[in-house]
$ cat model-v2.cif   # mmCIF, C-alpha atoms and all ligand atoms
data_model
#
loop_
_atom_site.label_atom_id
_atom_site.label_comp_id
_atom_site.auth_asym_id
_atom_site.auth_seq_id
_atom_site.Cartn_x
_atom_site.Cartn_y
_atom_site.Cartn_z
CA MET A 137 7.74 -17.59 30.59
CA THR A 138 7.19 -18.90 27.10
CA ASN A 139 4.46 -20.79 25.41
CA PRO A 140 5.98 -23.81 23.62
CA VAL A 141 2.70 -25.20 22.31
CA THR A 142 2.46 -25.53 18.54
CA THR A 143 -0.37 -23.79 16.72
CA SER A 144 -2.38 -25.02 13.76
CA THR A 145 -2.69 -22.53 10.95
CA THR A 146 -4.77 -22.44 7.81
CA GLU A 147 -3.03 -20.67 4.96
CA ILE A 148 -3.79 -19.58 1.42
CA VAL A 149 -1.10 -20.84 -0.91
CA LEU A 150 -0.27 -19.28 -4.28
CA PRO A 151 1.10 -22.32 -6.16
CA GLY A 152 2.29 -20.57 -9.33
CA VAL A 153 0.95 -18.22 -12.01
CA VAL A 154 -2.76 -18.98 -11.63
CA ASP A 155 -6.16 -17.35 -11.79
CA PRO A 156 -7.57 -16.43 -8.38
CA SER A 157 -9.47 -19.74 -8.40
CA GLY A 158 -6.09 -21.52 -8.36
CA LEU A 159 -5.35 -20.38 -4.78
CA GLN A 160 -5.17 -23.33 -2.39
CA VAL A 161 -6.37 -23.55 1.21
CA CYS A 162 -3.84 -25.58 3.24
CA ALA A 163 -3.47 -26.45 6.93
CA ARG A 164 -0.22 -27.09 8.80
CA GLU A 165 1.37 -26.86 12.22
CA LEU A 166 3.18 -23.57 12.73
CA PRO A 167 6.68 -24.02 14.23
CA VAL A 168 6.88 -22.75 17.81
CA PRO A 169 8.17 -19.17 17.87
CA VAL A 170 11.93 -18.84 18.39
CA ALA A 171 13.50 -16.07 20.45
CA GLY A 172 12.33 -12.69 19.15
CA GLN A 173 9.23 -14.09 17.44
CA VAL A 174 5.56 -14.10 18.36
CA VAL A 175 2.51 -15.90 17.00
CA LEU A 176 -0.18 -13.50 15.77
CA ARG A 177 -3.73 -14.82 15.48
CA MET A 178 -4.92 -13.00 12.37
CA GLU A 179 -8.01 -10.82 12.81
CA ALA A 180 -7.75 -8.98 9.51
CA THR A 181 -5.50 -9.10 6.48
CA GLY A 182 -6.25 -7.81 3.02
CA VAL A 183 -5.72 -7.74 -0.71
CA SER A 184 -3.12 -5.26 -1.93
CA PHE A 185 -2.17 -4.57 -5.51
CA ALA A 186 0.98 -6.58 -4.78
CA GLU A 187 -0.97 -9.85 -4.64
CA GLN A 188 -2.58 -9.03 -7.96
CA GLN A 189 0.92 -8.72 -9.40
CA MET A 190 2.30 -11.74 -7.53
CA ARG A 191 -0.28 -14.13 -8.95
CA ARG A 192 0.92 -13.06 -12.40
CA GLY A 193 4.56 -13.46 -11.34
CA LYS A 194 4.88 -9.69 -11.83
CA TYR A 195 5.81 -8.33 -8.41
CA TYR A 196 9.27 -6.82 -8.45
CA ASP A 197 10.91 -9.09 -5.88
CA GLN A 198 8.46 -11.88 -5.11
CA PRO A 199 9.80 -15.21 -3.82
CA PRO A 200 9.70 -18.39 -5.91
CA PHE A 201 6.34 -20.23 -5.99
CA PRO A 202 4.71 -21.72 -4.02
CA PHE A 203 4.25 -19.25 -1.20
CA VAL A 204 1.60 -17.74 1.04
CA PRO A 205 0.77 -14.18 -0.02
CA GLY A 206 -0.45 -11.44 2.31
CA TYR A 207 1.31 -8.09 2.65
CA ASP A 208 0.13 -7.10 6.12
CA LEU A 209 -2.15 -8.09 8.95
CA VAL A 210 -3.73 -7.12 12.23
CA GLY A 211 -3.97 -9.71 14.95
CA THR A 212 -3.64 -10.68 18.59
CA VAL A 213 -0.52 -12.24 20.05
CA THR A 214 -1.13 -15.78 21.27
CA ALA A 215 2.44 -16.88 22.05
CA VAL A 216 5.92 -15.42 22.39
CA GLY A 217 9.31 -17.03 21.79
CA PRO A 218 11.75 -17.91 24.58
CA GLY A 219 12.69 -14.89 26.65
CA GLY A 220 10.03 -12.74 24.96
CA ASP A 221 7.74 -10.24 26.67
CA THR A 222 4.71 -12.25 27.82
CA ASP A 223 2.79 -9.00 28.34
CA LEU A 224 2.35 -8.97 24.56
CA VAL A 225 0.00 -11.97 24.77
CA GLY A 226 -3.63 -10.95 24.26
CA ARG A 227 -2.77 -7.56 22.78
CA ARG A 228 -3.62 -6.37 19.25
CA PHE A 229 -0.90 -5.36 16.81
CA ALA A 230 -0.32 -4.67 13.13
CA ALA A 231 2.63 -5.91 11.11
CA VAL A 232 3.87 -5.68 7.54
CA THR A 233 5.11 -9.05 6.27
CA LYS A 234 5.21 -8.58 2.44
CA ILE A 235 4.16 -12.24 2.13
CA GLY A 236 2.66 -14.79 4.50
CA ALA A 237 -0.19 -12.85 6.08
CA TRP A 238 -3.03 -14.76 4.40
CA ALA A 239 -3.17 -17.25 7.24
CA THR A 240 -5.09 -17.73 10.46
CA HIS A 241 -1.84 -17.65 12.48
CA VAL A 242 1.45 -16.06 11.48
CA LEU A 243 4.95 -16.02 12.97
CA VAL A 244 6.17 -12.43 13.19
CA GLU A 245 9.24 -10.75 14.66
CA ALA A 246 8.17 -8.97 17.86
CA ALA A 247 10.21 -5.96 16.70
CA ASP A 248 7.87 -5.59 13.70
CA LEU A 249 4.73 -5.19 15.82
CA VAL A 250 2.96 -1.83 15.99
CA PRO A 251 0.18 -1.50 18.59
CA VAL A 252 -3.36 -0.91 17.35
CA PRO A 253 -5.16 1.68 19.52
CA ASP A 254 -8.15 0.56 21.59
CA GLY A 255 -11.44 1.20 19.88
CA VAL A 256 -10.07 0.67 16.36
CA SER A 257 -11.48 -2.50 14.79
CA PRO A 258 -9.10 -4.97 13.14
CA ALA A 259 -10.66 -4.37 9.70
CA ALA A 260 -10.42 -0.58 10.07
CA ALA A 261 -6.80 -0.84 11.20
CA GLU A 262 -6.00 -3.17 8.31
CA THR A 263 -7.04 -0.53 5.75
CA VAL A 264 -4.11 1.68 6.80
CA VAL A 265 -1.22 -0.67 7.56
CA VAL A 266 0.83 -0.83 4.35
CA ASN A 267 -1.51 1.72 2.73
CA GLY A 268 -1.22 4.21 5.57
CA ILE A 269 2.55 3.93 5.92
CA THR A 270 3.00 4.27 2.16
CA ALA A 271 0.68 7.28 1.94
CA TRP A 272 2.16 9.00 5.00
CA GLN A 273 5.76 8.53 3.91
CA MET A 274 5.12 9.72 0.35
CA LEU A 275 3.29 12.81 1.58
CA HIS A 276 5.42 13.79 4.52
CA ARG A 277 8.84 12.21 4.00
CA LEU A 278 9.18 12.60 0.22
CA ALA A 279 6.86 15.31 -1.15
CA LYS A 280 6.88 17.20 2.19
CA VAL A 281 3.48 18.76 1.44
CA ARG A 282 2.39 21.90 3.23
CA SER A 283 -0.98 23.45 3.92
CA GLY A 284 -2.20 25.32 0.83
CA ASN A 285 -0.48 22.95 -1.64
CA VAL A 286 -2.35 21.35 -4.53
CA VAL A 287 -1.64 17.73 -5.38
CA VAL A 288 -2.84 15.10 -7.84
CA VAL A 289 -3.55 11.57 -6.60
CA LEU A 290 -3.95 9.00 -9.38
CA GLY A 291 -6.30 6.15 -8.45
CA ALA A 292 -7.94 8.08 -5.60
CA ASN A 293 -10.39 5.20 -4.97
CA GLY A 294 -7.69 2.58 -4.34
CA GLY A 295 -6.35 1.43 -0.99
CA VAL A 296 -3.29 3.69 -1.00
CA GLY A 297 -5.04 6.40 -3.05
CA SER A 298 -8.01 6.84 -0.72
CA THR A 299 -5.65 7.05 2.28
CA LEU A 300 -3.42 9.56 0.48
CA VAL A 301 -6.42 11.78 -0.24
CA GLN A 302 -7.54 11.77 3.38
CA LEU A 303 -4.06 12.39 4.82
CA ALA A 304 -3.46 15.20 2.33
CA ARG A 305 -6.80 16.84 3.15
CA HIS A 306 -5.96 16.60 6.84
CA ALA A 307 -2.69 18.42 6.10
CA GLY A 308 -4.63 21.29 4.47
CA VAL A 309 -3.80 20.24 0.91
CA ARG A 310 -6.19 20.56 -2.04
CA VAL A 311 -6.46 17.24 -3.89
CA ILE A 312 -7.40 16.42 -7.46
CA GLY A 313 -8.09 12.68 -7.57
CA THR A 314 -8.40 10.51 -10.66
CA ALA A 315 -10.85 7.62 -10.65
CA SER A 316 -13.47 6.04 -12.87
CA PRO A 317 -16.83 7.87 -12.72
CA ARG A 318 -18.45 5.14 -10.58
CA HIS A 319 -16.16 6.28 -7.74
CA HIS A 320 -16.52 10.03 -8.12
CA ASP A 321 -19.02 10.44 -5.29
CA ALA A 322 -16.77 8.43 -2.98
CA VAL A 323 -13.71 10.45 -3.99
CA ARG A 324 -15.65 13.69 -3.46
CA ALA A 325 -16.73 12.46 -0.02
CA LEU A 326 -13.04 12.04 0.89
CA GLY A 327 -12.55 15.72 0.04
CA ALA A 328 -10.93 15.51 -3.41
CA THR A 329 -12.09 16.88 -6.77
CA PRO A 330 -12.59 13.82 -8.98
CA VAL A 331 -11.41 13.57 -12.58
CA ASP A 332 -12.16 10.63 -14.88
CA TYR A 333 -8.87 8.91 -15.76
CA ARG A 334 -10.43 7.29 -18.81
CA GLU A 335 -11.34 10.66 -20.30
CA PRO A 336 -8.90 11.46 -23.15
CA GLY A 337 -8.69 15.07 -21.98
CA MET A 338 -7.86 14.14 -18.38
CA TYR A 339 -4.63 16.12 -18.20
CA HIS A 340 -6.28 19.21 -19.68
CA ARG A 341 -8.99 18.87 -17.07
CA VAL A 342 -6.38 18.76 -14.30
CA ARG A 343 -4.65 21.78 -15.87
CA ALA A 344 -7.97 23.65 -15.84
CA LEU A 345 -8.36 22.88 -12.13
CA ALA A 346 -4.78 23.92 -11.33
CA PRO A 347 -3.65 26.37 -14.04
CA ASP A 348 -0.37 27.17 -12.26
CA GLY A 349 0.60 23.53 -12.00
CA VAL A 350 0.57 21.35 -8.90
CA ASP A 351 2.96 20.84 -6.00
CA ALA A 352 3.01 17.05 -6.20
CA VAL A 353 1.71 14.17 -8.26
CA PHE A 354 1.41 10.67 -6.77
CA ASP A 355 1.60 8.24 -9.69
CA HIS A 356 1.32 4.46 -9.28
CA VAL A 357 0.39 3.89 -12.90
CA GLY A 358 3.75 4.38 -14.65
CA GLY A 359 3.90 3.65 -18.37
CA PRO A 360 3.84 6.51 -20.87
CA GLY A 361 1.46 8.59 -18.68
CA VAL A 362 4.20 9.29 -16.14
CA GLU A 363 5.52 11.98 -18.50
CA ARG A 364 2.13 13.73 -18.32
CA SER A 365 2.31 13.55 -14.52
CA TRP A 366 5.74 15.20 -14.62
CA GLN A 367 4.42 17.97 -16.87
CA LEU A 368 1.69 18.84 -14.35
CA LEU A 369 4.24 20.02 -11.80
CA ARG A 370 4.86 23.65 -11.04
CA ARG A 371 8.32 25.00 -10.22
CA GLY A 372 9.44 23.35 -6.98
CA GLY A 373 6.99 20.47 -7.48
CA THR A 374 7.63 16.80 -6.80
CA LEU A 375 6.67 13.72 -8.76
CA VAL A 376 6.30 10.70 -6.50
CA SER A 377 6.11 7.60 -8.63
CA TYR A 378 5.38 4.40 -6.74
CA GLY A 379 4.20 1.73 -9.13
CA THR A 380 3.69 0.50 -12.66
CA ALA A 381 0.05 -0.63 -12.57
CA ALA A 382 -0.22 0.09 -16.30
CA THR A 383 2.17 -2.74 -17.13
CA LYS A 384 0.62 -5.40 -14.88
CA ASP A 385 -0.73 -7.41 -17.79
CA GLU A 386 2.22 -6.94 -20.15
CA ALA A 387 4.14 -10.06 -21.08
CA GLY A 388 7.88 -10.17 -20.49
CA ASN A 389 10.31 -9.33 -17.74
CA SER A 390 8.52 -7.82 -14.73
CA ARG A 391 11.56 -5.78 -13.71
CA LEU A 392 12.07 -4.03 -17.03
CA PRO A 393 9.23 -1.44 -16.77
CA VAL A 394 10.37 -0.61 -13.24
CA LEU A 395 14.01 -0.21 -14.23
CA LYS A 396 13.04 1.99 -17.20
CA LEU A 397 10.94 4.11 -14.87
CA PHE A 398 13.84 4.44 -12.37
CA ALA A 399 16.13 5.67 -15.15
CA GLN A 400 13.57 8.21 -16.36
CA LEU A 401 12.92 9.56 -12.85
CA LYS A 402 16.64 9.80 -12.12
CA LEU A 403 17.16 11.81 -15.30
CA TRP A 404 14.33 14.22 -14.56
CA HIS A 405 15.49 14.60 -10.98
CA THR A 406 19.06 15.35 -12.02
CA LEU A 407 18.35 17.85 -14.80
CA PRO A 408 18.27 21.49 -13.67
CA ASN A 409 14.51 22.04 -13.99
CA HIS A 410 13.51 23.09 -10.45
CA ARG A 411 11.37 19.99 -9.97
CA SER A 412 12.02 16.67 -8.25
CA ALA A 413 11.20 13.11 -9.21
CA TYR A 414 11.41 10.12 -6.88
CA PHE A 415 10.42 6.51 -6.81
CA TYR A 416 8.95 5.65 -3.43
CA ASN A 417 9.87 2.16 -2.28
CA PHE A 418 8.31 0.95 0.96
CA TRP A 419 11.36 -1.25 1.65
CA ALA A 420 14.00 1.41 1.00
CA GLY A 421 16.30 1.66 3.99
CA HIS A 422 15.44 -1.89 5.12
CA ARG A 423 19.14 -2.70 5.35
CA ASN A 424 19.32 -0.38 8.33
CA LEU A 425 16.67 -2.45 10.08
CA ALA A 426 16.52 -0.54 13.37
CA ALA A 427 15.95 2.84 11.69
CA PHE A 428 13.52 1.29 9.19
CA ARG A 429 11.43 -0.20 12.00
CA ARG A 430 11.57 3.03 13.99
CA ASN A 431 10.27 5.13 11.07
CA LEU A 432 7.62 2.57 10.19
CA ALA A 433 6.33 2.39 13.76
CA GLN A 434 6.38 6.18 14.12
CA ASP A 435 4.49 6.76 10.88
CA LEU A 436 1.93 3.99 11.38
CA THR A 437 1.32 5.16 14.95
CA GLN A 438 0.47 8.65 13.65
CA VAL A 439 -1.89 7.18 11.06
CA PHE A 440 -3.54 4.91 13.65
CA ARG A 441 -4.02 7.93 15.91
CA LEU A 442 -5.86 9.76 13.10
CA LEU A 443 -8.00 6.67 12.59
CA ALA A 444 -8.79 6.43 16.30
CA ASP A 445 -9.65 10.14 16.38
CA GLY A 446 -12.07 9.77 13.48
CA VAL A 447 -10.00 11.98 11.14
CA LEU A 448 -9.55 9.04 8.77
CA ASP A 449 -12.58 7.15 7.56
CA PRO A 450 -11.47 3.53 6.96
CA GLN A 451 -12.23 2.55 3.38
CA ILE A 452 -13.37 -1.05 3.66
CA ALA A 453 -14.49 -2.32 0.25
CA ALA A 454 -15.65 -5.69 1.63
CA GLU A 455 -14.94 -8.18 4.42
CA ILE A 456 -14.51 -11.73 3.13
CA PRO A 457 -13.53 -14.90 5.02
CA LEU A 458 -9.91 -16.00 4.52
CA ALA A 459 -11.01 -19.35 3.07
CA GLU A 460 -12.67 -17.38 0.27
CA ALA A 461 -9.48 -15.53 -0.64
CA ALA A 462 -10.07 -16.45 -4.28
CA SER A 463 -13.30 -14.40 -4.35
CA ALA A 464 -11.58 -11.59 -2.47
CA LEU A 465 -8.79 -11.44 -5.06
CA THR A 466 -11.33 -11.60 -7.90
CA LEU A 467 -13.26 -8.74 -6.35
CA ALA A 468 -10.11 -6.64 -5.79
CA GLU A 469 -9.16 -7.19 -9.43
CA SER A 470 -12.63 -6.38 -10.76
CA ARG A 471 -11.79 -2.66 -10.97
CA THR A 472 -15.12 -1.90 -9.32
CA VAL A 473 -14.11 -1.41 -5.67
CA ALA A 474 -13.36 1.62 -3.57
CA GLY A 475 -10.97 1.07 -0.66
CA LYS A 476 -9.44 -2.20 0.53
CA VAL A 477 -10.82 -5.71 0.33
CA ILE A 478 -10.33 -7.17 3.81
CA LEU A 479 -9.89 -10.85 4.66
CA VAL A 480 -11.13 -11.99 8.06
CA PRO A 481 -10.70 -15.37 9.80
N1 LIG B 1 6.26 1.51 -4.16
C1 LIG B 1 5.76 1.02 -3.03
O1 LIG B 1 6.48 0.82 -2.06
C2 LIG B 1 4.30 0.72 -2.95
C3 LIG B 1 3.69 0.40 -1.73
C4 LIG B 1 2.33 0.14 -1.71
C5 LIG B 1 1.60 0.20 -2.90
N2 LIG B 1 2.23 0.49 -4.06
C6 LIG B 1 1.49 0.61 -5.33
O2 LIG B 1 0.35 1.39 -5.10
C7 LIG B 1 -0.63 1.08 -6.05
C8 LIG B 1 -1.96 0.94 -5.38
O3 LIG B 1 -1.93 -0.17 -4.52
P1 LIG B 1 -3.24 -0.57 -3.70
O4 LIG B 1 -2.89 -1.74 -2.87
O5 LIG B 1 -3.83 0.63 -3.12
O6 LIG B 1 -4.17 -1.09 -4.92
P2 LIG B 1 -5.73 -1.10 -5.09
O7 LIG B 1 -6.43 -0.85 -3.82
O8 LIG B 1 -6.04 -2.33 -5.86
O9 LIG B 1 -5.99 0.17 -6.02
C9 LIG B 1 -5.49 0.20 -7.31
C10 LIG B 1 -5.77 1.55 -7.92
O10 LIG B 1 -5.10 1.57 -9.18
C11 LIG B 1 -6.04 1.72 -10.24
N3 LIG B 1 -5.60 0.83 -11.31
C12 LIG B 1 -5.61 -0.51 -11.30
N4 LIG B 1 -5.11 -0.98 -12.45
C13 LIG B 1 -4.78 0.10 -13.18
C14 LIG B 1 -4.23 0.28 -14.48
N5 LIG B 1 -3.93 -0.75 -15.25
N6 LIG B 1 -4.04 1.54 -14.90
C15 LIG B 1 -4.37 2.59 -14.14
N7 LIG B 1 -4.89 2.48 -12.89
C16 LIG B 1 -5.10 1.25 -12.44
C17 LIG B 1 -7.37 1.34 -9.66
O11 LIG B 1 -8.39 2.02 -10.34
P3 LIG B 1 -9.74 1.22 -10.73
O12 LIG B 1 -10.41 0.87 -9.44
O13 LIG B 1 -10.52 2.16 -11.56
O14 LIG B 1 -9.28 0.02 -11.47
C18 LIG B 1 -7.23 1.80 -8.21
O15 LIG B 1 -7.47 3.17 -8.11
C19 LIG B 1 -0.16 -0.17 -6.78
O16 LIG B 1 0.36 0.18 -8.05
C20 LIG B 1 0.95 -0.69 -5.89
O17 LIG B 1 1.91 -1.41 -6.60
C21 LIG B 1 3.55 0.76 -4.10
#
$ encode --input "model-v2.cif" --output "structure tokens"
Amino acid sequence: MTNPVTTSTTEIVLPGVVDPSGLQVCARELPVPVAGQVVLRMEATGVSFAEQQMRRGKYYDQPPFPFVPGYDLVGTVTAVGPGGDTDLVGRRFAAVTKIGAWATHVLVEAADLVPVPDGVSPAAAETVVVNGITAWQMLHRLAKVRSGNVVVVLGANGGVGSTLVQLARHAGVRVIGTASPRHHDAVRALGATPVDYREPGMYHRVRALAPDGVDAVFDHVGGPGVERSWQLLRRGGTLVSYGTAATKDEAGNSRLPVLKLFAQLKLWHTLPNHRSAYFYNFWAGHRNLAAFRRNLAQDLTQVFRLLADGVLDPQIAAEIPLAEAASALTLAESRTVAGKVILVP
């Protein structure tokens, strides 16, 4: 049985390089799902750093304008394509879309759906979709942290950062987290020791907290500071670089800072110095789609379980209606929030 009825959707369109106020609210009929697809009625989506880069035309592989942003969402299936599993209808799932999730209804491949456990609210689940997968994979698939390790998380108040801190603490890892002072209480409440990233002596302060060096540094800032991150590592330590936030507002080619960073990490990793350096890319391995989906579902399911069990405290910075996406993006970019800004229908 299929549901061939079309669905109206309201979407937020990013028309070009614009201020948040330049986002447009548009309505259209969604095509009926084809075989393998479902329609998800969005219950929560959110603002990731990616959208902040995309509106500047600075995201590494964004599509040409105009497009609908929205990296991930949580929603309920309202229709399935021909031959699809009708038992999916009425059930709540999460999916990572990279773009397109800022909409009331979204077409998604059924194979990309990950079930949200009962008792977990859509907004809570949304805080750990791309953030939770990213944090889990960096901790457990790349850095392979162990109980007793000490790690540094840059931007411990952010969406990924606050999830990283909590997952690391759950794994028995001591965390030093950088954040601006306004977030230090929040970072402490997550179980990390806060350090002010604006303080000129920040790296000395980290050194004082971990005189023997640290087992891993999670660095989404890039720029010249990545060298300081590398120097914090002890023998056997791992630098996990996963962004270039520092260059978000730089003019010029958006790929250049990333490519320079890749080259630097590769060099460090290759030299015989008993330390490792990686760039974590969420989409790595996407060419082997079946394995990519399997890992993603496995990792997100573990994170959802920790959320359902109360181990993770969802960091919701604000819940804002989708139609007010412009204010949500402004808020996320204000550098005042802790956790994730969530968009709701
Ligand atoms: N490689 C991947 O596959 C992958 C996947 C997911 C995310 N990411 C990266 O992860 C990072 C965090 O993403 P998110 O969605 O969690 O973002 P978010 O919630 O907006 O948090 C951003 C964090 O970065 C800090 N920050 C912002 N601008 C900065 C700058 N210019 N210099 C230093 N710190 C800055 C913020 O601190 P303040 O609040 O003090 O401004 C905050 O702690 C981003 O860089 C994103 O690109 C990478």
$ atom_distance --input "model-v2.cif" --atom1 "atom CA of A:Arg429" --atom2 "atom CA of A:Asp248"
6.7 Å
$ closest_residue --input "model-v2.cif" --among "A:Gly284, A:Gly295, A:Gly373, A:Gly220" --to "ligand LIG 1 (chain B)" --atoms "all atoms listed in the file"
A:Gly295
$ residues_near_ligand --input "model-v2.cif" --ligand "ligand LIG 1 (chain B)" --cutoff "7 Å" --atoms "all atoms listed in the file" --output "MDAnalysis selection string"
chainID A and resid 183:186 266:267 270 290:297 315:316 356:357 378:384 416:419 468:469 471:476
$ closest_residue --input "model-v2.cif" --among "A:Ile456, A:Arg430, A:Val168, A:Trp366" --to "A:Trp404" --atoms "all atoms listed in the file"
A:Trp366
$ residues_around --input "model-v2.cif" --residues "A:Pro481" --least-positions-apart "5" --cutoff "7 Å" --atoms "all atoms listed in the file" --output "number ranges by chain"
A: 178-179, 240, 457-458
$ closest_atom_pairs --input "model-v2.cif" --of "stretch 231-287 of chain A" --to "stretch 459-466 of chain A" --cutoff "12 Å" --atoms "all atoms listed in the file" --output "JSON lines"
{"residue": "A:Ala237", "atom": "CA", "partner": "A:Ala461", "partner_atom": "CA", "distance": 11.8}
{"residue": "A:Trp238", "atom": "CA", "partner": "A:Ala461", "partner_atom": "CA", "distance": 8.2}
{"residue": "A:Ala239", "atom": "CA", "partner": "A:Ala459", "partner_atom": "CA", "distance": 9.1}
{"residue": "A:Thr240", "atom": "CA", "partner": "A:Ala459", "partner_atom": "CA", "distance": 9.6}
$ closest_residue --input "model-v2.cif" --among "A:Ala433, A:Leu209, A:Ala260, A:Leu368" --to "A:Leu243" --atoms "only C-alpha atoms"
A:Leu209
$ residues_around --input "model-v2.cif" --residues "A:Ala163" --least-positions-apart "2" --cutoff "7 Å" --atoms "only C-alpha atoms" --output "list in words"
Thr145, Thr146 and Glu147 of chain A
$ closest_residue --input "model-v2.cif" --among "A:Lys280, A:Arg370, A:Arg177, A:Arg310" --to "A:Arg324" --atoms "all atoms listed in the file"
A:Arg310
$ atom_distance --input "model-v2.cif" --atom1 "atom CA of A:Val210" --atom2 "atom CA of A:Gly313"
28.3 Å
$ closest_residue --input "model-v2.cif" --among "A:Ile269, A:Cys162, A:Val301, A:Leu249" --to "A:Leu436" --atoms "all atoms listed in the file"
A:Ile269
$ decode --input "model-v2.cif" --residues "stretch 232-262 of chain A" --atoms "C-alpha atoms" --output "tab-separated table (two decimals), in the first residue's frame"
chain	number	residue	atom	x	y	z
A	232	VAL	CA	20.86	13.63	8.19
A	233	THR	CA	20.20	15.46	4.93
A	234	LYS	CA	23.08	18.03	4.74
A	235	ILE	CA	20.60	20.43	3.10
A	236	GLY	CA	16.83	20.58	2.80
A	237	ALA	CA	15.71	19.97	6.38
A	238	TRP	CA	14.43	23.49	7.06
A	239	ALA	CA	10.97	22.58	5.84
A	240	THR	CA	7.70	21.37	7.31
A	241	HIS	CA	7.82	18.22	5.16
A	242	VAL	CA	10.89	16.59	3.63
A	243	LEU	CA	11.44	13.72	1.21
A	244	VAL	CA	14.01	11.33	2.67
A	245	GLU	CA	15.40	7.95	1.64
A	246	ALA	CA	13.88	5.33	3.95
A	247	ALA	CA	17.37	3.81	4.27
A	248	ASP	CA	18.56	7.03	5.93
A	249	LEU	CA	16.03	6.85	8.78
A	250	VAL	CA	17.19	6.10	12.32
A	251	PRO	CA	14.45	5.43	14.89
A	252	VAL	CA	14.09	7.85	17.80
A	253	PRO	CA	13.44	5.99	21.07
A	254	ASP	CA	10.08	6.45	22.79
A	255	GLY	CA	10.17	9.08	25.49
A	256	VAL	CA	12.78	11.24	23.73
A	257	SER	CA	11.28	14.53	22.54
A	258	PRO	CA	11.92	15.67	18.97
A	259	ALA	CA	13.90	18.72	20.16
A	260	ALA	CA	16.05	16.63	22.49
A	261	ALA	CA	16.72	14.10	19.74
A	262	GLU	CA	17.57	16.88	17.31
